[in-house]
Structure formats: C-alpha cells, structure tokens
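K.L.:
I have a structure here, written as structure tokens, and I will follow up with some questions on it.
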Amino acid sequence: MPSELDLRALEALGWGPDFEDAYQTFRAALSPGEQERVTPVRVVGVQRQTFQVRGVDGEQEARLAGASRHNGALTPAIGDWCVLETASGSSGRLLEVLPRRTTFARALGGEEGKRAGAVRQQVIAANVDLVLIVTSPDLDFDLERLERYVLAVQHSGARPVLVLNKADLHAQADWWVEQLRSLGPGLEIHVTSAQASSEQDAGGNQGEGLDGVRALLTPGVTLALIGSSGVGKSTLTNALLGRPAAPTGEVRASDQQGRHTTTSRTLYAVPGGGLLIDNPGLRDIAVWDADAADFEDLEALAAECRFRKCTHTTEPGCAVQAALRAGEVSAARLAAFQKGAARRGRR
Ligand SMILES: Nc1nc2c(ncn2[C@@H]2O[C@H](COP(=O)(O)OP(=O)(O)OP(=O)(O)O)[C@@H](O)[C@H]2O)c(=O)[nH]1
Ligand SMILES: [Mg+2]
Ligand SMILES: [Zn+2]
C-alpha cells in the first residue's frame, strides 16, 4: 500500500481509487520479489520507443517490457497510468497499462492508416477529464469541424470545453461566440487571448480570459488541448504554466495555417493544481467518432479496393461492390457509409 504522502503525490497526478484497485490486483499476481520493484507511474511524454513517466519518485524514462506477458497489451498513450518495474542497473520497464477512465482517439485514414496496418484507431490521450477545443476567429473557424470534435470528445468520456483564442484579433468576439453557442446549449465557452505580448494588441489586453480556463484546473484534473495547428494551444499552455515550456511557432501569413510546431504530446503539471496535455495540431484526419466506428467492416473492405481513391461505385477491383454482390453488405448500409465518407472526406 502506498503511504499517505505517496498517495497524495499520486492524487496530484490524477490518481484515484479505480486506478488503485486495478494496480493492487495486478500487483497481487506478481511474485514477492517483483512486487517490491513495481510502482504506479503516469505517462507524461511519448517518444517513438521511450516513455517519460512520473510517479512518487519523480520523472524517468521507461520502455515497454519486451515480451509482453499479456496478449493484446495496450500501447501506453499520454496520460496513461502504468505499472513500472525498476531494477537496479537498468532503465524502467512498463509492465501494464491500467484500465483507462477515458480514451480520446481518432480514426487513422489514408497512408497513416495503411502504415498502422490493422490498427485503425490512434489514442490521442488517456484519462483526460476535460478537453479544450481551441479555435481562433480567422480562417481556422469551421463550425462543422468543431461539432465533430465536440462529439468525439463526448464519445471519449471527457467533457468538451470550447475556447476561442486570439480574441485580440477582433474588437468584437460576440459574433464568433454566438456561432459557438449554436453547437449546444450546455457547452462551456471561453474567450481568450493567450499571447503574452502581441503587436496587434497594444491595449494591454494580454492574458485575457485565462482566469476562466485556470479555474478548470483543479487538483488532480487532467485537461487536454486540441485544435488545428496555429490556433495557440502551446501559447495557452505556456500562459497557464507561467513559463515557456512548450515551443510555439508563427502561422503562415498566406492562409493563417500553423506549421505543426508541436510534434509530440506532453503532460505538464500546472502550478496550483491540475495537469495539462499539449497536443500537436490535428491535421485533416477524421476524429474517431460514432460514424466511423459503425462502419469499421466497410472501412476495412474499402482498404482492399484496387484504387486508393475508389468511390465504390463502378471501379474495377472494388472490394465494397464485391461484398455487395455477394450479399455481405446491404445497399442501404453502403449508401449510409458513402454519405458518411463524403462528410468525413471534407475534413
Ligand atoms: N494574436 C494572437 N496570436 C496568438 C495568440 N495565441 C497564440 N498566438 C500566436 O499564434 C501562433 C501559433 O501559436 P502556437 O501556440 O504555436 O499554436 P499551436 O496551436 O500550439 O500550434 P501547433 O503546435 O502547430 O499545433 C504563434 O505565433 C502565437 O504567438 C493570441 O491569443 N493572439
Ligand atoms: Mg503547439
Ligand atoms: Zn471500392
């Protein structure tokens, strides 16, 4: 059992009774020697093969245990709670991912999906309580896309919160806020200007609206930032942390698009409580949502089509049409799939 002090340190990182139960169950199945060597840690950084993890003993690097003792063991994502085994003289090994409280994932499409093989879903962040969907009052603003994000966040088990950043770009934020309100009556909306000193804003408007976001960061709460590249997720992160921890980058003048400055996911502990995950900008990739999940079989078939851009109508070598002819797929379901695909294709 962790000591009272250790427990409090873990709780500050988002630990709770559900994780404690799962951890104790896993630990009880280990040999007495192994039991001595394991501790719970949270994944705070993900590189290709290594994971930055944090527990009561601070931060360290860890790798996945080689021959996984569990079939279908999960790959840890940022925010996951894992069982870490430390042995003297070697780096830590992650033995297990504890069951997630929430899972925010996206569907992998196109080339990325093909590279990932059978894995059609990528977990963006785990055990997140609140997801800040960040947009800005410029070319990024797209209500349909924002609505898909809201649905995807709700689907994950987390609560979506909308943030209109770069409010300093316009004297009147009201019109944009009205638009955001149309996404749903119960949605919390924050209007912020995260940039510490902006040339456009000589009026000392810096840090506007940040207190409202800060109020969401109560001890143990995990908040993740999502949105297009360039909307100011890392700038917001730095403003909330009170230090320039995350690199930020200029947006292209021509189309106001960001340059994908943030390339990996990091979980930060916020002074005063709460945890914050800064994510890379979401590219034009379908967020894992109910639509996509419902058509998993058809998506798998579509991946077999001869042409990558197959419309599943008259193309030779179309696996979807073949399944239709074989009676494995109904015409109605195919029509619904194609309607969804057209919608998803616009992202
Ligand atoms: N005017 C204005 N500019 C901002 C504001 N917040 C961020 N910016 C600027 O927007 C640009 C992009 O900011 P980032 O924080 O790097 O954006 P990001 O969302 O993290 O982008 P990626 O990491 O590429 O996904 C930078 O030049 C910021 O200075 C704001 O409130 N107002
Ligand atoms: Mg960034
Ligand atoms: Zn086809």
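In the structure tokens, each chain is lettered A, B, ... as it comes, each chain's residues begin at 1, and ligands are numbered from 1 in order of appearance.
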Which protein, DNA or RNA residues have an atom within 6 Å of ligand 3, counting only C-alpha atoms and all ligand atoms, as an MDAnalysis selection string?
P.N.:
chainID A and resid 302 305 310:312 318:320
K.L.:
Could you please take those selected residues and save N, CA, C and O atoms as a CSV table (one decimal), in the first residue's frame?
P.N.:
chain,number,residue,atom,x,y,z
A,302,ALA,N,-13.0,-1.3,-47.8
A,302,ALA,CA,-12.6,-0.2,-48.7
A,302,ALA,C,-11.0,-0.2,-48.8
A,302,ALA,O,-10.5,0.2,-49.9
A,305,CYS,N,-9.8,-2.2,-51.8
A,305,CYS,CA,-10.1,-1.8,-53.2
A,305,CYS,C,-8.8,-1.5,-53.9
A,305,CYS,O,-7.8,-1.1,-53.3
A,310,CYS,N,-11.0,5.0,-54.5
A,310,CYS,CA,-12.1,4.3,-55.0
A,310,CYS,C,-13.4,4.9,-54.4
A,310,CYS,O,-13.5,5.2,-53.2
A,311,THR,N,-14.4,5.1,-55.3
A,311,THR,CA,-15.7,5.7,-54.8
A,311,THR,C,-16.7,4.6,-54.5
A,311,THR,O,-17.8,4.8,-54.2
A,312,HIS,N,-16.3,3.3,-54.8
A,312,HIS,CA,-17.1,2.1,-54.5
A,312,HIS,C,-18.4,2.2,-55.3
A,312,HIS,O,-19.5,1.9,-54.9
A,318,CYS,N,-13.2,-3.2,-57.0
A,318,CYS,CA,-13.8,-2.6,-55.8
A,318,CYS,C,-14.2,-3.7,-54.8
A,318,CYS,O,-15.2,-4.5,-55.2
A,319,ALA,N,-13.6,-3.8,-53.7
A,319,ALA,CA,-14.0,-4.8,-52.7
A,319,ALA,C,-15.3,-4.6,-52.1
A,319,ALA,O,-16.0,-5.5,-51.7
A,320,VAL,N,-15.7,-3.3,-52.0
A,320,VAL,CA,-17.0,-3.0,-51.4
A,320,VAL,C,-18.2,-3.5,-52.3
A,320,VAL,O,-19.1,-4.1,-51.9
K.L.:
Pick out the residues no farther than 6 Å from ligand 2, counting only C-alpha atoms and all ligand atoms, and list them as a PyMOL selection string.
P.N.:
chain A and resi 233-234+248+261-262+280
K.L.:
Select the residues contacting ligand 1 at a distance of at most 7 Å, based on only C-alpha atoms and all ligand atoms, then format the selection as a PyMOL selection string.
P.N.:
chain A and resi 165-169+192-195+198+200+227-236+247-251+258-263+279-282
K.L.:
Can you tell me which residues surround stretch 52-54 of chain A at a distance of at most 12 Å, considering only C-alpha atoms, apart from same-chain residues fewer than 3 positions away, and format the answer as a PyMOL selection string?
P.N.:
chain A and resi 9-10+12-15+39-49+57-64+76-85+91-94+264-269
K.L.:
Set the distance at 8 Å and use only C-alpha atoms: which residues neighbour A:Val161 once local chain neighbours fewer than 2 positions away are removed? I'd like the list as a PyMOL selection string.
P.N.:
chain A and resi 130-133+159+163+187-190
K.L.:
I need the residue nearest A:Ala253 from this list: A:Leu180, A:Ala323, A:Leu139, A:Leu151. Use only C-alpha atoms for the distance.
P.N.:
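Under the stated criterion, the closest residue is A:Leu139.
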K.L.:
Quick one: DSSP alpha helix (DSSP H) residues in stretch 4-168 of chain A, as a VMD selection string?
P.N.:
chain A and resid 4 to 12 17 to 28 32 to 37 110 to 115 143 to 156
K.L.:
With distances taken over only C-alpha atoms, which residue among A:Ser156, A:Ser254, A:Ser90, A:Gln338 lies nearest A:Thr103?
P.N.:
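So, comparing all the options, the nearest one is A:Ser156.
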K.L.:
My list of candidates is A:Tyr23, A:Arg214, A:Gln35, A:Asp138. Which is closest to A:Glu96 when distances are computed with only C-alpha atoms?
P.N.:
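Residue with the minimum atom-to-atom distance to A:Glu96: A:Tyr23.
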K.L.:
Which parts of stretch 162-270 of chain A does DSSP call strand (DSSP E or B) when run on the backbone here, written out as JSON, numbers by chain?
P.N.:
{"A": [162, 163, 164, 188, 189, 190, 191, 193, 208, 222, 223, 224, 225, 226, 266, 267, 268, 269]}
K.L.:
Report, in Å with one decimal, the straight-line distance from atom CA of A:Phe19 to atom CA of A:Leu98.
P.N.:
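The value is 6.6 Å.
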